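**Q** File work_2.txt below, compact mmCIF, C-alpha atoms:
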# COMPACT_ATOMS: atom_id res chain seq x y z
CA MET A 1 0.00 0.00 0.00
CA LEU A 2 2.95 2.31 -0.48
CA MET A 3 2.35 5.10 -2.95
CA GLN A 4 5.26 7.09 -4.34
CA THR A 5 5.61 10.21 -6.40
CA ALA A 6 8.35 10.10 -8.97
CA ALA A 7 11.06 12.62 -8.33
CA GLY A 8 14.77 12.75 -9.11
CA LYS A 9 17.19 13.34 -6.26
CA LEU A 10 14.77 14.99 -3.93
CA MET A 11 14.75 14.45 -0.18
CA LYS A 12 12.73 11.41 0.78
CA VAL A 13 9.88 11.77 3.25
CA PHE A 14 7.65 9.05 4.63
CA LEU A 15 4.05 9.70 5.70
CA THR A 16 2.60 7.03 7.98
CA ARG A 17 -1.00 7.73 6.90
CA ARG A 18 -3.14 9.72 4.48
CA ILE A 19 -3.23 13.27 5.81
CA PRO A 20 -5.76 16.04 5.08
CA PRO A 21 -5.44 17.39 1.50
CA GLU A 22 -4.33 20.81 2.77
CA GLY A 23 -1.08 19.18 3.93
CA MET A 24 -0.51 17.14 0.77
CA LYS A 25 -0.93 20.24 -1.39
CA ILE A 26 1.82 22.05 0.53
CA LEU A 27 4.24 19.11 0.20
CA SER A 28 3.54 18.75 -3.54
CA ALA A 29 3.88 22.47 -4.24
CA ALA A 30 7.20 22.77 -2.37
CA GLY A 31 8.99 20.58 -4.90
CA VAL A 32 11.76 19.60 -2.49
CA CYS A 33 10.69 16.13 -1.43
CA GLU A 34 9.79 12.71 -2.74
CA VAL A 35 6.77 11.50 -0.81
CA SER A 36 6.25 7.87 0.19
CA LEU A 37 2.85 7.37 1.75
CA TRP A 38 1.19 4.57 3.66
CA ASP A 39 -1.92 4.98 1.54
CA SER A 40 -4.59 4.10 4.08
CA ASP A 41 -6.79 5.59 6.78
CA GLU A 42 -5.72 2.71 9.03
CA PRO A 43 -2.45 2.71 11.00
CA VAL A 44 0.71 1.53 9.29
CA GLN A 45 1.89 -1.94 10.33
CA ARG A 46 5.17 -1.96 12.25
CA ALA A 47 7.05 -3.88 9.54
CA ASP A 48 5.84 -1.43 6.88
CA LEU A 49 6.82 1.53 9.05
CA LEU A 50 10.35 0.15 9.49
CA LYS A 51 10.59 -0.47 5.74
CA GLY A 52 9.01 2.83 4.67
CA VAL A 53 11.23 5.01 6.83
CA GLN A 54 14.51 3.58 5.44
CA GLY A 55 16.73 6.37 4.16
CA ALA A 56 14.10 9.03 4.86
CA HIS A 57 15.11 12.63 5.48
CA GLY A 58 11.73 13.42 7.02
CA LEU A 59 8.96 11.50 8.78
CA LEU A 60 5.36 12.65 9.20
CA CYS A 61 3.58 10.51 11.78
CA LEU A 62 0.45 10.24 13.93
CA LEU A 63 -0.21 9.57 17.62
CA SER A 64 -0.72 5.87 16.90
CA ASP A 65 2.84 5.49 15.56
CA LYS A 66 5.43 4.57 18.16
CA ILE A 67 8.61 6.31 17.07
CA ASP A 68 11.40 4.69 19.09
CA ALA A 69 15.08 3.78 18.68
CA GLU A 70 14.19 0.89 16.36
CA VAL A 71 12.39 3.23 13.94
CA LEU A 72 15.16 5.83 14.13
CA ASP A 73 17.80 3.16 13.46
CA ALA A 74 15.76 1.86 10.52
CA ALA A 75 15.57 5.39 9.11
CA GLY A 76 19.32 5.84 9.32
CA PRO A 77 21.50 8.96 9.45
CA ASN A 78 19.56 10.97 6.82
CA LEU A 79 16.64 11.64 9.16
CA LYS A 80 16.51 15.35 9.99
CA VAL A 81 12.93 15.95 11.08
CA ILE A 82 9.89 14.24 12.58
CA SER A 83 6.57 16.05 12.19
CA THR A 84 3.64 14.69 14.18
CA LEU A 85 0.02 15.45 13.28
CA SER A 86 -0.87 15.97 16.94
CA VAL A 87 -0.40 18.22 19.95
CA GLY A 88 0.64 15.23 22.07
CA TYR A 89 4.08 13.69 21.67
CA ASP A 90 4.17 10.84 24.20
CA HIS A 91 4.50 8.43 21.22
CA LEU A 92 7.93 9.88 20.43
CA ALA A 93 11.11 8.67 22.19
CA LEU A 94 12.41 12.20 22.73
CA ASP A 95 15.66 11.11 24.40
CA GLU A 96 16.61 9.00 21.39
CA ILE A 97 15.50 11.73 18.97
CA LYS A 98 17.53 14.37 20.81
CA LYS A 99 20.63 12.13 20.82
CA ARG A 100 20.49 12.05 17.04
CA GLY A 101 19.91 15.80 16.66
CA ILE A 102 16.56 15.34 14.92
CA ARG A 103 14.10 18.25 15.00
CA VAL A 104 10.46 17.70 15.97
CA GLY A 105 7.37 19.58 14.81
CA TYR A 106 3.90 19.25 16.34
CA THR A 107 0.50 20.96 16.09
CA PRO A 108 -0.40 22.76 19.34
CA ASP A 109 -2.83 25.70 19.60
CA VAL A 110 -4.67 24.95 16.36
CA LEU A 111 -6.75 22.20 17.97
CA THR A 112 -7.37 23.97 21.29
CA ASP A 113 -10.81 25.39 20.45
CA ALA A 114 -12.12 22.20 18.82
CA THR A 115 -10.95 20.04 21.74
CA ALA A 116 -12.41 22.44 24.30
CA GLU A 117 -15.77 22.47 22.49
CA LEU A 118 -15.85 18.68 22.36
CA THR A 119 -14.95 18.43 26.06
CA VAL A 120 -17.82 20.76 27.00
CA ALA A 121 -20.17 18.77 24.74
CA LEU A 122 -19.03 15.54 26.40
CA LEU A 123 -19.49 17.02 29.87
CA LEU A 124 -23.03 18.16 29.06
CA ALA A 125 -23.94 14.89 27.33
CA THR A 126 -22.70 12.91 30.33
CA ALA A 127 -24.18 15.14 33.04
CA ARG A 128 -27.57 15.47 31.33
CA ARG A 129 -27.64 11.83 30.15
CA LEU A 130 -28.12 12.60 26.46
CA PRO A 131 -27.07 9.19 25.07
CA GLU A 132 -29.50 7.50 27.49
CA GLY A 133 -32.25 9.88 26.38
CA VAL A 134 -31.66 9.17 22.68
CA GLU A 135 -31.73 5.43 23.40
CA GLU A 136 -35.03 5.69 25.33
CA VAL A 137 -36.66 7.50 22.41
CA LYS A 138 -35.50 4.75 20.03
CA ASN A 139 -36.37 1.74 22.19
CA GLY A 140 -39.83 2.86 23.32
CA GLY A 141 -38.81 3.76 26.87
CA TRP A 142 -40.32 7.25 26.45
CA SER A 143 -43.82 7.10 27.92
CA SER A 144 -45.56 9.74 30.01
CA TRP A 145 -43.69 12.62 31.66
CA LYS A 146 -42.16 11.54 34.98
CA PRO A 147 -40.77 14.02 37.53
CA LEU A 148 -37.37 12.34 38.06
CA TRP A 149 -36.93 10.36 34.83
CA LEU A 150 -33.51 10.90 33.17
CA CYS A 151 -32.57 13.64 35.65
CA GLY A 152 -28.93 14.64 35.64
CA TYR A 153 -26.73 17.41 36.97
CA GLY A 154 -26.52 21.07 35.88
CA LEU A 155 -23.60 23.49 35.79
CA SER A 156 -25.43 26.49 37.27
CA GLY A 157 -24.15 27.19 40.78
CA SER A 158 -21.66 24.32 40.57
CA THR A 159 -17.97 23.93 41.38
CA VAL A 160 -15.84 22.82 38.43
CA GLY A 161 -12.34 21.43 38.87
CA VAL A 162 -9.90 21.49 35.96
CA ILE A 163 -6.79 19.35 36.29
CA GLY A 164 -4.19 21.04 34.08
CA LEU A 165 -5.06 24.65 33.23
CA GLY A 166 -2.89 24.82 30.13
CA ARG A 167 -4.05 25.91 26.67
CA ILE A 168 -6.89 23.41 26.41
CA GLY A 169 -7.80 23.50 30.11
CA MET A 170 -8.11 27.27 29.96
CA ALA A 171 -10.23 27.12 26.79
CA ILE A 172 -12.57 24.64 28.53
CA ALA A 173 -12.82 26.87 31.61
CA ARG A 174 -13.66 29.93 29.48
CA ARG A 175 -16.50 28.04 27.82
CA LEU A 176 -17.90 26.63 31.07
CA MET A 177 -18.03 29.88 33.07
CA PRO A 178 -21.03 31.40 31.19
CA PHE A 179 -23.13 28.41 32.30
CA GLY A 180 -23.20 29.99 35.75
CA VAL A 181 -20.36 28.06 37.36
CA LYS A 182 -19.90 29.35 40.91
CA ARG A 183 -16.29 28.27 41.56
CA LEU A 184 -13.52 27.22 39.19
CA LEU A 185 -10.79 25.23 40.89
CA TYR A 186 -7.63 24.08 39.17
CA SER A 187 -4.57 22.06 40.06
CA GLY A 188 -1.24 21.45 38.40
CA ARG A 189 2.45 22.05 38.88
CA THR A 190 2.17 25.81 39.34
CA ALA A 191 -0.39 28.60 39.72
CA LYS A 192 -1.21 30.28 36.40
CA ALA A 193 -1.49 34.05 35.99
CA HIS A 194 -4.12 33.61 33.25
CA ALA A 195 -6.41 31.81 35.72
CA ALA A 196 -7.56 35.22 36.94
CA GLU A 197 -9.60 35.57 33.75
CA VAL A 198 -11.93 32.78 34.97
CA ASN A 199 -11.48 33.53 38.70
CA GLY A 200 -9.63 30.24 38.98
CA GLU A 201 -8.53 29.11 42.45
CA PHE A 202 -5.27 27.17 42.55
CA VAL A 203 -5.77 24.31 45.01
CA PRO A 204 -4.13 20.99 45.92
CA LEU A 205 -5.41 18.04 43.88
CA ASP A 206 -7.14 16.49 46.93
CA THR A 207 -9.12 19.69 47.51
CA LEU A 208 -10.16 19.86 43.86
CA VAL A 209 -11.26 16.22 43.84
CA SER A 210 -13.32 16.43 47.04
CA GLU A 211 -14.98 19.80 46.39
CA SER A 212 -15.79 19.66 42.66
CA ASP A 213 -19.16 18.78 41.15
CA PHE A 214 -17.50 18.33 37.76
CA ILE A 215 -13.89 17.24 37.26
CA VAL A 216 -12.27 17.81 33.87
CA VAL A 217 -8.89 16.24 33.17
CA SER A 218 -6.90 18.18 30.57
CA CYS A 219 -3.32 17.66 31.72
CA SER A 220 -0.49 16.24 29.65
CA LEU A 221 0.70 12.69 30.19
CA THR A 222 3.77 12.58 32.45
CA PRO A 223 5.14 9.99 34.91
CA GLU A 224 3.29 11.97 37.63
CA THR A 225 -0.09 11.98 35.87
CA GLN A 226 0.00 8.39 34.58
CA GLY A 227 -2.61 6.40 36.51
CA MET A 228 -3.41 9.49 38.64
CA CYS A 229 -7.17 8.91 38.51
CA ASP A 230 -7.34 5.71 40.54
CA LYS A 231 -9.34 4.17 43.39
CA ALA A 232 -8.02 6.68 45.94
CA PHE A 233 -8.87 9.56 43.57
CA PHE A 234 -12.44 8.39 42.87
CA SER A 235 -13.08 7.61 46.54
CA LYS A 236 -12.52 11.31 47.37
CA MET A 237 -15.07 12.50 44.79
CA LYS A 238 -18.66 13.40 45.67
CA ASN A 239 -21.09 10.64 44.73
CA THR A 240 -22.99 13.25 42.69
CA ALA A 241 -19.86 14.32 40.78
CA VAL A 242 -19.22 13.90 37.05
CA PHE A 243 -15.74 12.97 35.75
CA VAL A 244 -14.59 13.94 32.23
CA ASN A 245 -11.30 13.04 30.55
CA SER A 246 -10.17 14.44 27.19
CA SER A 247 -6.41 14.29 27.84
CA ARG A 248 -4.87 10.81 27.62
CA GLY A 249 -6.40 7.45 28.45
CA THR A 250 -3.52 6.28 30.64
CA VAL A 251 -4.14 9.09 33.14
CA VAL A 252 -7.10 6.93 34.30
CA ASN A 253 -7.09 3.50 35.91
CA GLN A 254 -10.09 2.13 34.02
CA GLU A 255 -10.72 -0.80 36.38
CA ASP A 256 -10.96 1.66 39.29
CA LEU A 257 -13.21 3.94 37.24
CA TYR A 258 -15.53 1.02 36.43
CA GLU A 259 -15.74 0.16 40.13
CA ALA A 260 -16.48 3.79 41.07
CA LEU A 261 -19.22 4.07 38.43
CA SER A 262 -20.87 0.69 39.03
CA SER A 263 -20.87 1.08 42.82
CA GLY A 264 -22.32 4.61 42.78
CA GLN A 265 -19.13 6.09 44.23
CA ILE A 266 -19.37 8.75 41.49
CA ALA A 267 -22.34 9.77 39.35
CA ALA A 268 -21.05 9.51 35.78
CA ALA A 269 -18.02 9.69 33.52
CA GLY A 270 -17.38 10.96 29.99
CA LEU A 271 -14.24 9.81 28.16
CA ASP A 272 -12.87 10.92 24.80
CA VAL A 273 -9.68 8.93 25.44
CA THR A 274 -9.21 5.35 26.63
CA THR A 275 -6.66 2.57 27.04
CA PRO A 276 -6.34 0.99 24.58
CA GLU A 277 -7.70 2.92 21.63
CA PRO A 278 -9.96 1.69 20.18
CA LEU A 279 -11.57 0.32 23.33
CA PRO A 280 -12.69 -3.31 22.80
CA THR A 281 -16.45 -3.52 22.29
CA ASN A 282 -16.72 -6.00 25.19
CA HIS A 283 -15.01 -3.65 27.66
CA PRO A 284 -16.86 -3.44 31.02
CA LEU A 285 -17.10 0.38 30.83
CA LEU A 286 -19.30 0.04 27.75
CA THR A 287 -21.91 -1.89 29.76
CA LEU A 288 -22.57 1.11 32.01
CA LYS A 289 -25.31 3.64 31.28
CA ASN A 290 -23.49 6.29 33.31
CA CYS A 291 -20.33 6.13 31.19
CA VAL A 292 -20.18 7.96 27.85
CA VAL A 293 -17.23 6.95 25.66
CA LEU A 294 -16.27 8.78 22.46
CA PRO A 295 -13.65 7.58 19.92
CA HIS A 296 -10.98 10.27 20.54
CA ILE A 297 -12.61 12.96 18.39
CA GLY A 298 -11.47 16.02 20.36
CA SER A 299 -10.01 17.85 17.37
CA ALA A 300 -12.40 16.40 14.78
CA THR A 301 -13.73 19.41 12.92
CA TYR A 302 -13.06 19.74 9.20
CA SER A 303 -11.33 23.09 9.58
CA THR A 304 -9.14 22.00 12.52
CA ARG A 305 -7.94 18.82 10.84
CA GLY A 306 -7.20 20.80 7.66
CA ILE A 307 -5.12 23.33 9.60
CA MET A 308 -3.33 20.48 11.42
CA GLY A 309 -2.51 18.88 8.06
CA ALA A 310 -1.09 22.12 6.70
CA LEU A 311 0.92 22.85 9.85
CA SER A 312 2.43 19.35 9.95
CA ALA A 313 3.50 19.74 6.30
CA GLN A 314 5.03 23.18 6.97
CA ASN A 315 6.90 21.79 10.00
CA LEU A 316 8.23 18.93 7.88
CA LEU A 317 9.45 21.30 5.14
CA GLY A 318 11.11 23.62 7.67
CA GLY A 319 13.01 20.68 9.13
CA LEU A 320 14.06 19.39 5.71
CA GLN A 321 15.31 22.79 4.55
CA GLY A 322 16.96 23.79 7.83
CA THR A 323 14.67 26.80 8.23
CA ASP A 324 12.18 27.86 10.90
CA MET A 325 9.35 25.46 11.69
CA PRO A 326 6.01 27.13 12.55
CA SER A 327 5.61 24.86 15.63
CA GLU A 328 8.87 23.29 16.73
CA LEU A 329 9.01 21.27 19.93
CA THR A 330 11.83 22.35 22.21
CA PHE A 331 13.11 19.55 24.41
What do you get writing this file as structure tokens?

**A**
Amino acid sequence: MLMQTAAGKLMKVFLTRRIPPEGMKILSAAGVCEVSLWDSDEPVQRADLLKGVQGAHGLLCLLSDKIDAEVLDAAGPNLKVISTLSVGYDHLALDEIKKRGIRVGYTPDVLTDATAELTVALLLATARRLPEGVEEVKNGGWSSWKPLWLCGYGLSGSTVGVIGLGRIGMAIARRLMPFGVKRLLYSGRTAKAHAAEVNGEFVPLDTLVSESDFIVVSCSLTPETQGMCDKAFFSKMKNTAVFVNSSRGTVVNQEDLYEALSSGQIAAAGLDVTTPEPLPTNHPLLTLKNCVVLPHIGSATYSTRGIMGALSAQNLLGGLQGTDMPSELTF
């Protein structure tokens, strides 16, 4: 499934997937690279990745591609740049990449608004039980009006806790405040000056967990945050609280989350990220009515994905030509 464009002695680049047309146009128009493409919407197989990257000067990859020493060795000494079509970079072995002096481009900022919108939509859908409501309409469960049928939890007068008030966390907070949120708590490594815009209170994680009616996880994946949302975490939450994660699946211990949801320890959970992805259809979380799982679609708007495609192509070209990259990762 490898597709190549004929070109003389141009620099070779390998794309691990079809990318949005905005990105392909930029690469074609530049006239400096020979593009090899894993011509599919499905992830490249490991063997094909190792083969495709051989001799490449540039690599454009996705979150699902593990770029480690084996891949870098397979690429060889020509490799100058890795451009990832994502804001996250936990799939990249940065130590190995740094050792070899390879530059890295990524796509922050451009997906902030789309991800924040989706997170708010997921929070509302989970708290107000929208998927359950749709299902009841379809299966004939909708009969006469009942005072407490399909009741959920509202944002007005509530306390919202945001774990990780970075770009996306802040964008989520800005969108939630007009719903009448009473208090906005946040936790993280340091207090943020920009939190004043949403009257954010910097508090210890334990305080945030025990006092929030809604908890939104939007931190990056680090050794400290991996598995952070576990049994101890959920046991401190209110049993009326709603948990939402749009960061990374491995921040959550899913067995502990299942236990918290099925036992009534917490009210509901909305996840746009899971471990693994895709989540197997027989996973216990999918049996629960109070758990809403989406297939990692945080940045999935046409315009955002188009801009991400263009930015990843521009980053790749900058790295190939030794010029500025619009979004270079410093590490």

**Q** Give me, please, the distance in Å between CA of His296 (chain A) and CA of Gly227 (chain A), quoted to one decimal.

**A**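 Computing it gives 18.4 Å between the two atoms.
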
**Q** Measuring atom to atom with all atoms listed in the file, identify which of A:Val209, A:Val203, A:Ala116, A:Leu148 is nearest to Asp272 (chain A).

**A**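 Closest candidate: A:Ala116.
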
**Q** Measuring atom to atom with all atoms listed in the file, identify which of A:Leu257, A:Val13, A:Val120, A:Leu92 is nearest to Gly55 (chain A).

**A** A:Val13

**Q** Using all atoms listed in the file, which protein or nucleic acid residues come within 12 Å of Phe202 (chain A)? Drop anything in the same chain fewer than 4 positions from it, and give the result as a list in words.

**A**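 The neighbour list is Gly161, Val162, Ile163, Gly164, Leu165, Arg183, Leu184, Leu185, Tyr186, Ser187, Gly188, Arg189, Thr190, Ala191, Lys192, Ala193, His194, Ala195, Ala196, Val198, Asp206, Thr207 and Leu208 of chain A.
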
**Q** Work out how far CA of Gly157 (chain A) is from CA of Lys182 (chain A), in Å to one decimal.

**A** 4.8 Å

**Q** Can you pull out every residue within 12 Å of region 299-309 of chain A, counting all atoms listed in the file, but drop anything in the same chain fewer than 5 positions away, and send it as a ChimeraX atom specification?

**A** /A:15,17-27,60-62,83-88,105-119,168,246-247,272,294,314-316,326-327

**Q** At what distance in Å, to one decimal, does CA of Gly58 (chain A) lie from CA of Phe14 (chain A)?

**A** 6.4 Å

**Q** Counting all atoms listed in the file, which residue out of A:Thr274, A:Leu317, A:His283, A:Cys229 sits closest to Ala260 (chain A)?

**A**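 For Ala260 (chain A), the nearest of the candidates is A:Cys229.
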
**Q** Please return, as a VMD selection string, all polymer residues that have at least one atom within 7 Å of the point (-17.2, 9.7, 33.4); use only C-alpha atoms and the file's own coordinate frame.

**A** chain A and resid 242 to 244 268 to 271 291 to 292

**Q** Between A:Val44, A:Leu279, A:Val81, A:Ala173, which residue has the minimum interatomic distance to Leu63 (chain A), considering only C-alpha atoms?

**A**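 Using only C-alpha atoms, the shortest distance to Leu63 (chain A) belongs to A:Val44.
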
**Q** Can you pull out the residues contacting Trp149 (chain A)? Cut-off 12 Å, using only C-alpha atoms, and skip same-chain residues under 4 positions away; I want them as a list of chain:residue names.

**A**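 My reading of the contact set: A:Arg128, A:Arg129, A:Glu132, A:Gly133, A:Glu136, A:Gly141, A:Trp142, A:Ser143, A:Ser144, A:Trp145.
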
**Q** Which residues come within 8 Å of Leu155 (chain A), counting all atoms listed in the file, excluding same-chain residues fewer than 5 positions away, as a list in words?

**A** Phe179, Gly180 and Val181 of chain A

**Q** With distances taken over only C-alpha atoms, which residue among A:Val160, A:Val134, A:Val216, A:Leu221 lies nearest His91 (chain A)?

**A**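 Of A:Val160, A:Val134, A:Val216, A:Leu221, the one nearest His91 (chain A), counting only C-alpha atoms, is A:Leu221.
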
**Q** Box along x, y and z, 5 Å on every side, all listed atoms of region 237-248 of chain A inside: centre and edge lengths in Å to one decimal, as lines of an AutoDock Vina configuration file.

**A**
center_x = -13.9
center_y = 12.5
center_z = 36.4
size_x = 28.1
size_y = 13.8
size_z = 28.5

**Q** Name the residues, using the chain letters and numbers of the file, that sit within 12 Å of (-9.1, -0.4, 43.4) when counting all atoms listed in the file, and give them as an NGL selection string.

**A** :A and (227 or 229-235 or 252-260 or 263 or 265)

**Q** Smallest atom-to-atom distance to Arg167 (chain A): which of A:Asn199, A:Thr126, A:Cys219, A:Leu50, using all atoms listed in the file?

**A** A:Cys219

**Q** Any chance you could turn region 128-138 of chain A into a file with all heavy atoms, as a compact mmCIF listing (two decimals), in the first residue's frame?

**A**
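New file out.txt:
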# COMPACT_ATOMS: atom_id res chain seq x y z
N ARG A 128 -26.14 15.41 31.62
CA ARG A 128 -27.57 15.47 31.33
C ARG A 128 -28.09 14.20 30.64
O ARG A 128 -29.23 14.16 30.18
CB ARG A 128 -27.87 16.72 30.49
CG ARG A 128 -27.63 18.05 31.24
CD ARG A 128 -28.53 18.21 32.47
NE ARG A 128 -29.93 18.13 32.11
CZ ARG A 128 -30.66 19.19 31.71
NH1 ARG A 128 -30.09 20.38 31.62
NH2 ARG A 128 -31.92 19.04 31.39
N ARG A 129 -27.24 13.18 30.56
CA ARG A 129 -27.64 11.83 30.15
C ARG A 129 -28.22 11.79 28.72
O ARG A 129 -29.20 11.10 28.45
CB ARG A 129 -28.62 11.25 31.16
CG ARG A 129 -28.02 11.21 32.56
CD ARG A 129 -29.03 10.86 33.64
NE ARG A 129 -29.54 9.49 33.52
CZ ARG A 129 -30.39 8.96 34.40
NH1 ARG A 129 -30.83 9.66 35.43
NH2 ARG A 129 -30.82 7.71 34.23
N LEU A 130 -27.60 12.53 27.82
CA LEU A 130 -28.12 12.60 26.46
C LEU A 130 -28.12 11.26 25.72
O LEU A 130 -29.12 10.91 25.09
CB LEU A 130 -27.34 13.64 25.63
CG LEU A 130 -27.35 15.11 26.11
CD1 LEU A 130 -26.88 16.03 25.00
CD2 LEU A 130 -28.72 15.53 26.60
N PRO A 131 -27.01 10.47 25.78
CA PRO A 131 -27.07 9.19 25.07
C PRO A 131 -28.19 8.27 25.59
O PRO A 131 -28.86 7.60 24.80
CB PRO A 131 -25.68 8.58 25.34
CG PRO A 131 -24.81 9.76 25.58
CD PRO A 131 -25.68 10.74 26.34
N GLU A 132 -28.40 8.28 26.91
CA GLU A 132 -29.50 7.50 27.49
C GLU A 132 -30.84 7.98 26.95
O GLU A 132 -31.73 7.19 26.63
CB GLU A 132 -29.52 7.64 29.01
CG GLU A 132 -28.62 6.71 29.76
CD GLU A 132 -28.83 6.88 31.26
OE1 GLU A 132 -29.75 6.24 31.82
OE2 GLU A 132 -28.08 7.67 31.87
N GLY A 133 -31.00 9.30 26.87
CA GLY A 133 -32.25 9.88 26.38
C GLY A 133 -32.54 9.49 24.94
O GLY A 133 -33.66 9.11 24.60
N VAL A 134 -31.52 9.56 24.10
CA VAL A 134 -31.66 9.17 22.68
C VAL A 134 -32.08 7.70 22.60
O VAL A 134 -32.97 7.34 21.82
CB VAL A 134 -30.34 9.41 21.92
CG1 VAL A 134 -30.39 8.78 20.54
CG2 VAL A 134 -30.05 10.91 21.81
N GLU A 135 -31.44 6.87 23.41
CA GLU A 135 -31.73 5.43 23.40
C GLU A 135 -33.18 5.16 23.83
O GLU A 135 -33.86 4.31 23.24
CB GLU A 135 -30.74 4.71 24.33
CG GLU A 135 -30.74 3.19 24.20
CD GLU A 135 -30.57 2.68 22.79
OE1 GLU A 135 -29.76 3.23 22.02
OE2 GLU A 135 -31.28 1.70 22.45
N GLU A 136 -33.66 5.89 24.84
CA GLU A 136 -35.03 5.69 25.33
C GLU A 136 -36.07 6.06 24.27
O GLU A 136 -37.11 5.42 24.14
CB GLU A 136 -35.27 6.53 26.60
CG GLU A 136 -34.49 6.04 27.82
CD GLU A 136 -34.97 4.69 28.32
OE1 GLU A 136 -34.45 3.65 27.85
OE2 GLU A 136 -35.87 4.66 29.17
N VAL A 137 -35.76 7.11 23.50
CA VAL A 137 -36.66 7.50 22.41
C VAL A 137 -36.73 6.37 21.37
O VAL A 137 -37.80 6.02 20.88
CB VAL A 137 -36.17 8.81 21.73
CG1 VAL A 137 -36.97 9.10 20.47
CG2 VAL A 137 -36.28 9.98 22.71
N LYS A 138 -35.57 5.78 21.06
CA LYS A 138 -35.50 4.75 20.03
C LYS A 138 -36.10 3.42 20.48
O LYS A 138 -36.66 2.69 19.66
CB LYS A 138 -34.04 4.52 19.62
CG LYS A 138 -33.45 5.67 18.81
CD LYS A 138 -32.00 5.36 18.47
CE LYS A 138 -31.40 6.47 17.63
NZ LYS A 138 -29.98 6.23 17.35
